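Novice: I am sharing upload28.txt, which consists of compact mmCIF, C-alpha atoms:
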```
# COMPACT_ATOMS: atom_id res chain seq x y z
CA MET V 1 0.62 78.94 190.06
CA ALA V 2 3.78 76.84 190.00
CA ALA V 3 6.08 77.26 192.98
CA GLY V 4 8.96 76.28 190.74
CA ASN V 5 12.13 74.35 191.25
CA THR V 6 12.12 71.99 194.20
CA TYR V 7 13.50 68.61 195.42
CA THR V 8 16.17 70.46 197.35
CA PRO V 9 19.12 68.64 198.89
CA ILE V 10 19.19 69.63 202.56
CA GLN V 11 22.06 67.56 203.96
CA THR V 12 24.26 64.61 203.05
CA TYR V 13 26.25 62.41 205.39
CA THR V 14 29.05 60.20 204.08
CA LEU V 15 30.31 58.29 207.08
CA ALA V 16 34.05 58.45 207.57
CA SER V 17 33.81 55.79 210.26
CA ASN V 18 31.18 53.37 211.51
CA GLY V 19 28.22 55.24 212.89
CA THR V 20 24.66 56.45 212.51
CA VAL V 21 23.12 59.53 210.92
CA THR V 22 20.94 62.23 212.45
CA PHE V 23 19.45 65.10 210.50
CA SER V 24 18.65 67.89 212.92
CA SER V 25 17.12 71.38 212.74
CA ILE V 26 15.14 70.31 209.67
CA PRO V 27 13.42 73.39 208.20
CA SER V 28 9.63 73.26 208.33
CA THR V 29 9.30 74.99 204.97
CA TYR V 30 8.95 71.92 202.77
CA THR V 31 5.92 69.72 202.09
CA ASP V 32 7.50 66.26 202.00
CA LEU V 33 10.90 64.87 202.88
CA VAL V 34 12.78 62.18 201.01
CA ILE V 35 15.79 60.29 202.35
CA ILE V 36 17.95 58.32 199.92
CA GLY V 37 20.51 55.95 201.35
CA LEU V 38 23.24 53.55 200.35
CA VAL V 39 24.26 51.81 203.54
CA GLY V 40 26.17 48.82 204.78
CA HIS V 41 26.51 47.04 208.08
CA ALA V 42 29.35 45.03 209.54
CA SER V 43 27.23 42.37 211.17
CA THR V 44 27.05 38.90 209.71
CA SER V 45 23.46 38.59 210.84
CA GLY V 46 20.74 40.67 209.32
CA ILE V 47 19.74 43.87 210.95
CA SER V 48 16.87 46.16 210.20
CA VAL V 49 17.19 49.81 209.26
CA GLY V 50 14.89 52.44 210.66
CA VAL V 51 14.31 56.03 211.67
CA GLN V 52 13.29 57.82 214.82
CA PHE V 53 11.68 61.24 214.69
CA ASN V 54 12.41 64.10 217.08
CA GLY V 55 14.33 61.82 219.41
CA ASP V 56 11.19 59.79 220.11
CA THR V 57 12.29 56.32 221.26
CA GLY V 58 8.85 55.34 222.52
CA THR V 59 6.71 52.62 220.99
CA THR V 60 4.90 55.12 218.82
CA TYR V 61 5.84 53.61 215.46
CA SER V 62 4.31 50.89 213.31
CA ASN V 63 4.86 49.43 209.87
CA THR V 64 3.32 47.10 207.35
CA TYR V 65 5.77 45.43 204.98
CA MET V 66 5.82 43.38 201.79
CA SER V 67 9.07 41.67 200.77
CA GLY V 68 10.29 39.43 197.98
CA THR V 69 13.56 37.60 198.62
CA GLY V 70 13.77 35.60 195.42
CA THR V 71 12.65 32.48 197.21
CA SER V 72 9.86 33.78 199.45
CA LYS V 73 7.25 36.47 199.55
CA LEU V 74 6.75 37.91 202.99
CA THR V 75 4.28 40.28 204.54
CA GLY V 76 3.45 41.35 208.04
CA LYS V 77 2.55 44.02 210.54
CA LEU V 78 4.95 45.57 213.02
CA THR V 79 3.01 47.26 215.80
CA GLY V 80 4.00 49.31 218.80
CA ARG V 81 7.65 49.62 217.81
CA SER V 82 10.38 52.02 218.84
CA TRP V 83 11.54 52.39 215.22
CA ASN V 84 9.82 53.32 211.98
CA TYR V 85 11.43 50.79 209.67
CA ILE V 86 12.89 51.55 206.25
CA GLY V 87 13.98 47.94 205.77
CA TRP V 88 12.85 44.91 207.76
CA ASN V 89 13.68 41.63 205.97
CA VAL V 90 15.97 42.99 203.27
CA CYS V 91 18.98 44.30 205.09
CA PRO V 92 22.78 44.48 204.83
CA ASP V 93 24.61 41.70 206.54
CA ILE V 94 27.96 41.49 204.76
CA THR V 95 30.72 44.07 204.76
CA ASN V 96 30.94 45.96 201.45
CA ILE V 97 27.52 44.78 200.39
CA THR V 98 25.16 47.72 200.62
CA ASN V 99 21.48 48.15 200.33
CA THR V 100 19.75 51.14 198.82
CA PHE V 101 16.58 52.78 199.96
CA VAL V 102 14.24 55.65 199.19
CA PHE V 103 12.22 56.81 202.19
CA ASN V 104 9.35 59.29 201.87
CA VAL V 105 7.82 61.29 204.71
CA PHE V 106 4.55 62.96 203.73
CA SER V 107 3.51 66.34 205.14
CA TYR V 108 6.15 66.12 207.85
CA ALA V 109 5.42 69.61 209.20
CA ASN V 110 1.65 69.19 209.39
CA THR V 111 0.63 69.40 213.05
CA SER V 112 -2.89 68.03 212.44
CA ILE V 113 -1.97 64.53 211.31
CA TYR V 114 0.02 61.48 212.26
CA LYS V 115 2.98 61.02 209.93
CA THR V 116 2.78 58.46 207.12
CA THR V 117 5.94 57.16 205.47
CA LEU V 118 6.63 54.99 202.42
CA SER V 119 9.93 53.27 201.73
CA GLN V 120 11.44 51.09 199.05
CA ASN V 121 14.42 49.01 200.10
CA ASN V 122 16.66 46.85 197.89
CA LEU V 123 19.64 44.54 198.34
CA ALA V 124 21.11 42.29 195.65
CA ASN V 125 23.38 39.97 197.62
CA GLY V 126 23.99 38.50 201.03
CA THR V 127 21.86 36.35 203.25
CA TYR V 128 19.04 38.92 203.28
CA PRO V 129 18.59 40.00 199.65
CA GLY V 130 15.46 41.18 197.92
CA VAL V 131 13.04 43.99 197.34
CA GLU V 132 10.79 45.45 199.94
CA GLU V 133 8.23 48.16 200.51
CA LEU V 134 7.08 49.40 203.86
CA VAL V 135 4.45 51.86 204.95
CA GLY V 136 4.98 53.43 208.33
CA LEU V 137 3.07 55.52 210.85
CA TRP V 138 4.39 57.74 213.60
CA ARG V 139 1.50 58.33 215.96
CA ASN V 140 2.41 61.89 216.72
CA THR V 141 1.09 65.14 215.26
CA ALA V 142 4.27 67.12 216.01
CA ALA V 143 6.16 68.59 213.10
CA ILE V 144 9.30 66.58 212.40
CA ASN V 145 12.48 68.54 213.04
CA SER V 146 15.01 65.72 213.40
CA ILE V 147 15.42 62.26 211.94
CA LYS V 148 17.85 59.60 213.15
CA VAL V 149 18.64 56.98 210.52
CA ALA V 150 20.31 53.87 211.88
CA PRO V 151 20.36 50.11 212.07
CA ASP V 152 18.26 48.90 214.97
CA ASN V 153 21.44 47.27 216.26
CA GLY V 154 24.97 48.62 215.82
CA ASN V 155 26.26 51.03 213.21
CA PHE V 156 26.44 51.61 209.51
CA ILE V 157 29.90 51.04 208.06
CA ALA V 158 32.21 53.80 206.86
CA GLY V 159 31.33 54.87 203.36
CA SER V 160 27.58 54.69 203.94
CA ILE V 161 25.81 57.66 202.35
CA VAL V 162 22.49 59.12 203.48
CA THR V 163 20.96 62.26 201.92
CA LEU V 164 17.92 64.28 202.99
CA TYR V 165 15.83 66.18 200.41
CA GLY V 166 12.92 68.55 200.80
CA ILE V 167 10.05 68.83 198.31
CA THR V 168 7.81 71.89 198.26
CA ALA V 169 4.37 71.75 196.70
CA ALA V 170 3.00 74.69 194.75
CA MET U 1 10.32 56.74 190.62
CA PRO U 2 11.91 58.30 187.52
CA ILE U 3 15.69 58.66 187.79
CA LEU U 4 16.25 62.32 188.55
CA GLY U 5 20.02 62.44 188.61
CA ILE U 6 19.82 64.52 191.73
CA ILE U 7 23.05 66.05 192.94
CA ALA U 8 23.41 65.86 196.69
CA SER U 9 25.17 68.65 198.49
CA GLN U 10 27.21 68.60 201.65
CA GLN U 11 26.06 72.13 202.40
CA PRO U 12 22.73 72.58 204.13
CA GLY U 13 20.27 74.39 201.90
CA HIS U 14 22.71 74.52 199.01
CA LEU U 15 20.61 74.05 195.93
CA ALA U 16 22.17 72.23 193.05
CA SER U 17 20.50 72.60 189.70
CA VAL U 18 17.68 70.08 189.65
CA SER U 19 14.98 69.21 187.15
CA TYR U 20 11.94 68.79 189.39
CA ASP U 21 9.34 71.59 189.52
CA SER U 22 6.18 71.94 191.52
CA ILE U 23 3.28 72.77 189.18
CA ALA U 24 0.05 72.93 191.19
CA THR U 25 -1.68 71.66 194.32
CA VAL U 26 -5.34 70.81 194.93
CA THR U 27 -6.82 70.08 198.33
CA GLY U 28 -9.89 68.38 199.77
CA ASN U 29 -12.59 70.37 201.51
CA GLY U 30 -14.77 67.61 202.87
CA SER U 31 -17.35 67.84 200.09
CA ALA U 32 -15.52 67.66 196.76
CA THR U 33 -15.60 64.26 195.10
CA THR U 34 -13.37 65.17 192.15
CA LEU U 35 -10.13 67.12 192.19
CA SER U 36 -8.51 68.10 188.91
CA PHE U 37 -5.38 69.44 187.26
CA THR U 38 -6.17 71.32 184.07
CA SER U 39 -4.05 73.02 181.43
CA ILE U 40 -1.05 70.93 182.45
CA PRO U 41 2.11 72.48 180.96
CA GLN U 42 3.57 70.46 178.11
CA THR U 43 7.16 71.42 178.86
CA TYR U 44 8.19 68.49 181.07
CA LYS U 45 9.19 64.93 180.32
CA HIS U 46 7.35 63.15 183.15
CA LEU U 47 4.85 64.04 185.84
CA GLN U 48 4.74 62.99 189.47
CA ILE U 49 1.78 63.36 191.80
CA ARG U 50 2.27 63.09 195.56
CA ILE U 51 -0.84 62.64 197.68
CA ILE U 52 -1.86 62.34 201.27
CA ALA U 53 -5.51 61.39 201.32
CA ARG U 54 -8.39 60.65 203.62
CA SER U 55 -12.07 60.59 202.77
CA GLY U 56 -14.89 62.32 204.58
CA THR U 57 -17.05 59.33 203.66
CA ALA U 58 -17.53 56.48 206.10
CA GLY U 59 -16.75 52.98 204.89
CA THR U 60 -14.68 49.87 205.28
CA GLY U 61 -10.95 50.24 204.74
CA SER U 62 -9.99 52.35 201.77
CA GLY U 63 -11.23 53.30 198.33
CA TYR U 64 -9.35 53.50 195.08
CA ILE U 65 -8.34 56.90 193.78
CA ASN U 66 -9.25 56.85 190.10
CA ALA U 67 -7.73 58.97 187.35
CA VAL U 68 -9.25 60.01 184.05
CA PHE U 69 -7.02 61.67 181.50
CA ASN U 70 -8.28 64.41 179.17
CA SER U 71 -11.88 63.60 180.17
CA ASP U 72 -11.61 60.21 178.48
CA SER U 73 -14.03 57.92 180.33
CA GLY U 74 -14.07 55.31 177.59
CA ALA U 75 -12.90 51.73 178.14
CA ASN U 76 -9.31 52.71 177.36
CA TYR U 77 -7.56 51.88 180.61
CA SER U 78 -6.07 48.73 182.08
CA TRP U 79 -4.26 48.08 185.33
CA HIS U 80 -2.33 45.57 187.42
CA LEU U 81 -1.73 45.65 191.13
CA LEU U 82 0.31 43.89 193.82
CA ALA U 83 -0.84 44.52 197.35
CA THR U 84 -0.83 43.40 200.95
CA ASP U 85 -3.02 43.99 203.98
CA GLY U 86 -0.23 42.82 206.26
CA THR U 87 -1.53 39.26 206.24
CA THR U 88 -2.01 38.23 202.61
CA VAL U 89 -0.27 39.31 199.43
CA GLN U 90 -2.67 39.63 196.52
CA ASN U 91 -2.45 40.54 192.89
CA ALA U 92 -5.10 41.53 190.39
CA TYR U 93 -5.60 43.01 186.96
CA SER U 94 -8.37 44.52 184.95
CA ALA U 95 -8.65 45.43 181.28
CA SER U 96 -10.90 47.76 179.31
CA ARG U 97 -11.73 49.94 182.26
CA SER U 98 -13.13 53.47 182.19
CA ASN U 99 -10.44 54.89 184.47
CA ALA U 100 -6.99 54.21 185.85
CA ILE U 101 -6.56 53.37 189.53
CA VAL U 102 -3.60 55.33 190.79
CA GLY U 103 -3.90 55.34 194.58
CA LEU U 104 -6.04 54.72 197.60
CA MET U 105 -7.42 56.76 200.46
CA TRP U 106 -8.73 55.90 203.88
CA SER U 107 -12.39 56.13 204.71
CA SER U 108 -13.37 58.37 207.60
CA SER U 109 -13.99 55.24 209.71
CA ASN U 110 -10.29 54.51 210.09
CA LEU U 111 -7.94 55.62 212.88
CA ALA U 112 -8.20 59.37 213.30
CA ASN U 113 -5.39 61.60 212.06
CA THR U 114 -4.15 58.96 209.62
CA PHE U 115 -3.84 59.56 205.89
CA SER U 116 -2.68 57.32 203.06
CA GLY U 117 0.50 58.27 201.22
CA ASN U 118 0.62 57.93 197.42
CA ILE U 119 3.31 58.56 194.79
CA ILE U 120 2.23 58.41 191.14
CA ASP U 121 4.55 58.63 188.15
CA ILE U 122 3.17 59.41 184.69
CA LEU U 123 5.88 58.74 182.17
CA ASP U 124 6.47 60.57 178.89
CA TYR U 125 3.05 62.21 179.19
CA THR U 126 3.41 64.55 176.18
CA ASN U 127 4.53 61.90 173.70
CA THR U 128 1.98 61.62 170.87
CA ASN U 129 3.51 58.42 169.51
CA LYS U 130 2.81 56.08 172.41
CA TYR U 131 0.22 54.97 174.91
CA LYS U 132 0.74 56.33 178.41
CA THR U 133 2.15 54.31 181.31
CA VAL U 134 1.46 55.16 184.93
CA ARG U 135 3.10 53.54 187.94
CA SER U 136 2.25 54.20 191.54
CA MET U 137 2.68 53.04 195.10
CA GLU U 138 0.50 53.65 198.10
CA GLY U 139 0.53 52.79 201.74
CA ALA U 140 -1.38 53.37 204.92
CA ASP U 141 -0.90 52.01 208.43
CA THR U 142 -2.86 52.27 211.68
CA ASN U 143 -0.74 50.25 214.14
CA ALA U 144 -3.23 47.43 213.42
CA ASN U 145 -6.02 49.60 214.83
CA THR U 146 -8.20 49.12 211.76
CA TYR U 147 -6.66 48.45 208.37
CA GLN U 148 -3.24 48.65 206.81
CA GLU U 149 -2.15 48.22 203.23
CA ILE U 150 0.55 48.62 200.63
CA TYR U 151 -0.27 48.78 196.93
CA PHE U 152 1.89 48.77 193.82
CA MET U 153 -0.05 49.65 190.70
CA SER U 154 0.65 50.00 187.00
CA ASN U 155 -1.76 51.45 184.49
CA ASN U 156 -1.96 51.88 180.75
CA TRP U 157 -4.03 54.55 179.00
CA ARG U 158 -4.48 53.49 175.39
CA SER U 159 -4.23 56.92 173.85
CA ASN U 160 -1.48 58.70 171.96
CA ASN U 161 -2.74 62.08 173.11
CA ALA U 162 -0.58 64.27 175.31
CA ILE U 163 -2.04 64.53 178.80
CA THR U 164 -3.40 68.00 179.48
CA GLN U 165 -5.90 67.24 182.23
CA ILE U 166 -6.13 64.77 185.11
CA ASP U 167 -9.35 64.25 187.07
CA LEU U 168 -9.05 62.35 190.34
CA SER U 169 -12.03 60.82 192.10
CA ALA U 170 -12.83 57.93 194.43
CA GLY U 171 -16.13 56.38 193.46
CA GLY U 172 -18.20 59.17 194.98
CA TRP U 173 -16.24 59.37 198.24
CA THR U 174 -15.41 62.91 199.29
CA PHE U 175 -11.87 64.12 199.76
CA ALA U 176 -11.56 65.16 203.39
CA THR U 177 -10.06 68.42 204.54
CA GLY U 178 -6.37 67.78 204.88
CA THR U 179 -6.17 65.79 201.66
CA THR U 180 -3.41 67.30 199.57
CA ILE U 181 -2.65 66.38 195.97
CA ALA U 182 0.48 67.97 194.51
CA LEU U 183 1.57 67.83 190.87
CA TYR U 184 5.23 68.04 189.87
CA GLY U 185 6.98 68.14 186.52
CA ILE U 186 10.28 66.39 185.81
CA LYS U 187 12.44 67.71 183.01
CA GLY U 188 14.24 65.44 180.65
```
Before we go any further, please render this structure as structure tokens.
Specialist:
Amino acid sequence: MAAGNTYTPIQTYTLASNGTVTFSSIPSTYTDLVIIGLVGHASTSGISVGVQFNGDTGTTYSNTYMSGTGTSKLTGKLTGRSWNYIGWNVCPDITNITNTFVFNVFSYANTSIYKTTLSQNNLANGTYPGVEELVGLWRNTAAINSIKVAPDNGNFIAGSIVTLYGITAA
Amino acid sequence: MPILGIIASQQPGHLASVSYDSIATVTGNGSATTLSFTSIPQTYKHLQIRIIARSGTAGTGSGYINAVFNSDSGANYSWHLLATDGTTVQNAYSASRSNAIVGLMWSSSNLANTFSGNIIDILDYTNTNKYKTVRSMEGADTNANTYQEIYFMSNNWRSNNAITQIDLSAGGWTFATGTTIALYGIKG
């Protein structure tokens, strides 16, 4: 039987000043989470964008990525990291140039499995342009109740928007 | 992913009117080799299937999740894929196949507690004037313990029939307990 209307917006942050985003007290009542972002960074060198779950800053994250920059195709493995990356090679590096991403967290409240994530990351200008997909793994069976979204160095610029959605399966 | 036109809210839990409905969920039990959605409502514009999957069958790496629409196992499917194992990017295609490949799932031999994640979009599934297009992405990672992968796939089902049934299987591999396949409808 259909459970009905879902894809519920839980919280949106529009940064009024440079900073990072943390979604906290995430309800455990959904099946999957989706984070959609439009973010910029003030650095003139590329930075990567990632998440940390439940305040875990240990090296419990890993990713595999595939990127196309318009001149190169890139792939690689990121193991034993302190961030689960949304964007690795394709990242904002010029003020007012933003990248967009869609970040999926599957079965985030399931306490029997490690958490698998999928992200698509896109940037159309700057030194680090391109399209990118990453799969991630958080080697922890705990239900996710908070998510920090941030550059791995510094802050997002004011005007960056990050929204958390919950999807409930029937 | 189809453009949903989702309205974000600054208020926690505040539900704006959205066009994305959950329809049904099927789950693995460790022995089933086919999981199906039947009598799919014809009232949506597109379908999305979201899967976390692991097999109860031992093997190397992962196996394709295949889809058959409306029990059509004729040579009416074709697909393209772009993929990586973290070392090499590959691409492939196949024509005149007897099923679509829409995702992948880990064998039971991979790192414990890890499942593949899959998102499958079936566009304009009720339209009786066009062939059906399916796009999907899949990923699984193990911190380089065993295998890792990312797949982009596109499929074409050469039939004008509206899709009323979807059968998902993986070449005889079982769907392990914990495998969850959820069907959603997107209004348009």
Novice: Find the distance between CA of Thr84 in chain U and CA of Val102 in chain V and write it in Å to one decimal.
Specialist: 19.5 Å
Novice: Within 6 Å of Asn99 in chain U, counting only C-alpha atoms, which residues qualify if same-chain residues fewer than 4 places away don't, as a list in words?
Specialist: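 The filter keeps Ala67, Val68 and Tyr77 of chain U.
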Novice: Mind listing as number ranges by chain all residues within 9 Å of (15.2, 60.9, 200.5), counting only C-alpha atoms?
Specialist: V: 9, 33-37, 101-105, 162-166
Novice: Please identify every residue of chain V that has at least one atom no more than 6 Å from any atom of chain U, counting all atoms listed in the file, and report them as number ranges by chain.
Specialist: V: 2-6, 8-12, 62, 64, 75-77, 79, 113-114, 135, 137, 169-170
Novice: How many Å separate CA of Tyr125 in chain U from CA of Ala100 in chain U?
Specialist: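 Computed distance, CA of Tyr125 in chain U to CA of Ala100 in chain U, equals 14.5 Å.
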Novice: If we count only C-alpha atoms and set the cut-off at 12 Å, which residues sit around Ala143 in chain V, ignoring sequence neighbours fewer than 4 positions away in its own chain? Please answer as a short mmCIF file (atom, residue, chain, number, x, y, z; two decimals) with C-alpha atoms, in the coordinates of the input.
Specialist:
```cif
data_model
loop_
_atom_site.label_atom_id
_atom_site.label_comp_id
_atom_site.auth_asym_id
_atom_site.auth_seq_id
_atom_site.Cartn_x
_atom_site.Cartn_y
_atom_site.Cartn_z
CA SER V 25 17.12 71.38 212.74
CA ILE V 26 15.14 70.31 209.67
CA PRO V 27 13.42 73.39 208.20
CA SER V 28 9.63 73.26 208.33
CA THR V 29 9.30 74.99 204.97
CA TYR V 30 8.95 71.92 202.77
CA THR V 31 5.92 69.72 202.09
CA ASP V 32 7.50 66.26 202.00
CA LEU V 33 10.90 64.87 202.88
CA PHE V 53 11.68 61.24 214.69
CA ASN V 54 12.41 64.10 217.08
CA VAL V 105 7.82 61.29 204.71
CA PHE V 106 4.55 62.96 203.73
CA SER V 107 3.51 66.34 205.14
CA TYR V 108 6.15 66.12 207.85
CA ALA V 109 5.42 69.61 209.20
CA ASN V 110 1.65 69.19 209.39
CA THR V 111 0.63 69.40 213.05
CA SER V 112 -2.89 68.03 212.44
CA ILE V 113 -1.97 64.53 211.31
CA TYR V 114 0.02 61.48 212.26
CA LYS V 115 2.98 61.02 209.93
CA TRP V 138 4.39 57.74 213.60
CA ARG V 139 1.50 58.33 215.96
CA ILE V 147 15.42 62.26 211.94
#
```
Novice: Go through U:Lys132, U:Ala170, U:Asp121, U:Gly61 one by one, measure the shortest atom-to-atom distance of each to Tyr147 in chain U using all atoms listed in the file, and give the residue with the smallest value.
Specialist: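 Residue with the minimum atom-to-atom distance to Tyr147 in chain U: U:Gly61.
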Novice: Given the choices V:Ile167, V:Ile86, V:Ala16, V:Leu78, which gets closest to Tyr61 in chain V if the distance is worked out from all atoms listed in the file?
Specialist: V:Leu78
Novice: Separation of CA of Val51 in chain V and CA of Ser136 in chain U, in Å?
Specialist: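 It comes out at 23.5 Å.
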Novice: Can you tell me which residues surround Ile163 in chain U at a distance of at most 8 Å, considering only C-alpha atoms, apart from same-chain residues fewer than 3 positions away, and format the answer as an mmCIF file with C-alpha atoms, in the frame of the given file?
Specialist:
```
data_model
loop_
_atom_site.group_PDB
_atom_site.id
_atom_site.type_symbol
_atom_site.label_atom_id
_atom_site.label_comp_id
_atom_site.auth_asym_id
_atom_site.auth_seq_id
_atom_site.Cartn_x
_atom_site.Cartn_y
_atom_site.Cartn_z
ATOM 1 C CA ILE U 40 -1.050 70.930 182.450
ATOM 2 C CA PHE U 69 -7.020 61.670 181.500
ATOM 3 C CA ASN U 70 -8.280 64.410 179.170
ATOM 4 C CA TYR U 125 3.050 62.210 179.190
ATOM 5 C CA THR U 126 3.410 64.550 176.180
ATOM 6 C CA ILE U 166 -6.130 64.770 185.110
#
```
Novice: Find the residue from U:Asn91, U:Asn110, U:Ile120, U:Ser55 that sits nearest to Ala32 in chain U; use all atoms listed in the file when measuring.
Specialist: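 Among the listed residues, the smallest separation from Ala32 in chain U belongs to U:Ser55.
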Novice: Which residue is closest to Thr57 in chain V? Choose from V:Trp88, V:Trp83, V:Phe156, V:Phe23 and count all atoms listed in the file.
Specialist: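 Looking only at the distances to Thr57 in chain V, the closest residue turns out to be V:Trp83.
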Novice: Can you list, as a list in words, every protein, DNA or RNA residue that comes within 9 Å of Thr22 in chain V when you count only C-alpha atoms, leaving out same-chain residues fewer than 5 positions away?
Specialist: Tyr13, Ser146, Ile147, Lys148, Val149 and Ala150 of chain V
Novice: Please produce a file of those selected residues containing C-alpha atoms, as a short mmCIF file (atom, residue, chain, number, x, y, z; two decimals), in the frame of the given file.
Specialist:
```cif
data_model
loop_
_atom_site.label_atom_id
_atom_site.label_comp_id
_atom_site.auth_asym_id
_atom_site.auth_seq_id
_atom_site.Cartn_x
_atom_site.Cartn_y
_atom_site.Cartn_z
CA TYR V 13 26.25 62.41 205.39
CA SER V 146 15.01 65.72 213.40
CA ILE V 147 15.42 62.26 211.94
CA LYS V 148 17.85 59.60 213.15
CA VAL V 149 18.64 56.98 210.52
CA ALA V 150 20.31 53.87 211.88
#
```
Novice: Of the residues U:Thr60, U:Gln42, U:Ser96, U:Gln165, which is the one nearest to Ser109 in chain U, using only C-alpha atoms?
Specialist: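 So, comparing all the options, the nearest one is U:Thr60.
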Novice: From the options U:Arg97, U:Asn129, U:Ala176, U:Ser154, which residue's atoms come nearest to Asn76 in chain U, counting all atoms listed in the file?
Specialist: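 Result for the nearest residue to Asn76 in chain U: U:Arg97.
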Novice: Pick out the residues sitting within 12 Å of Val39 in chain V, and hand them over as a ChimeraX atom specification; count all atoms listed in the file, and ignore anything fewer than 6 positions along from it in its own chain.
Specialist: /V:13-15,18-21,47-50,86-87,91-102,121-123,149-151,155-163
Novice: Some atoms are absent from range 158-164 of chain V, so rebuild all heavy atoms and return them as a short mmCIF file (atom, residue, chain, number, x, y, z; two decimals), in the frame of the given file.
Specialist:
```cif
data_model
loop_
_atom_site.label_atom_id
_atom_site.label_comp_id
_atom_site.auth_asym_id
_atom_site.auth_seq_id
_atom_site.Cartn_x
_atom_site.Cartn_y
_atom_site.Cartn_z
N ALA V 158 31.63 52.64 207.53
CA ALA V 158 32.21 53.80 206.86
C ALA V 158 31.95 53.70 205.37
O ALA V 158 32.01 52.62 204.78
CB ALA V 158 33.71 53.86 207.13
N GLY V 159 31.66 54.84 204.78
CA GLY V 159 31.33 54.87 203.36
C GLY V 159 29.84 54.90 203.09
O GLY V 159 29.41 55.20 201.97
N SER V 160 29.04 54.60 204.09
CA SER V 160 27.58 54.69 203.94
C SER V 160 27.20 56.14 203.65
O SER V 160 27.76 57.07 204.23
CB SER V 160 26.87 54.19 205.18
OG SER V 160 27.11 52.81 205.40
N ILE V 161 26.24 56.32 202.75
CA ILE V 161 25.81 57.66 202.35
C ILE V 161 24.31 57.78 202.58
O ILE V 161 23.53 56.93 202.13
CB ILE V 161 26.11 57.92 200.86
CG1 ILE V 161 27.59 57.72 200.56
CG2 ILE V 161 25.66 59.31 200.44
CD1 ILE V 161 27.91 57.77 199.07
N VAL V 162 23.91 58.86 203.23
CA VAL V 162 22.49 59.12 203.48
C VAL V 162 22.23 60.59 203.18
O VAL V 162 22.93 61.46 203.71
CB VAL V 162 22.08 58.79 204.93
CG1 VAL V 162 20.58 58.94 205.09
CG2 VAL V 162 22.51 57.38 205.31
N THR V 163 21.26 60.89 202.34
CA THR V 163 20.96 62.26 201.92
C THR V 163 19.50 62.59 202.18
O THR V 163 18.61 61.80 201.89
CB THR V 163 21.26 62.45 200.42
OG1 THR V 163 22.62 62.14 200.18
CG2 THR V 163 20.98 63.87 199.98
N LEU V 164 19.27 63.78 202.70
CA LEU V 164 17.92 64.28 202.99
C LEU V 164 17.56 65.35 201.95
O LEU V 164 18.34 66.26 201.70
CB LEU V 164 17.87 64.89 204.38
CG LEU V 164 16.57 65.59 204.78
CD1 LEU V 164 15.43 64.57 204.92
CD2 LEU V 164 16.76 66.36 206.09
#
```
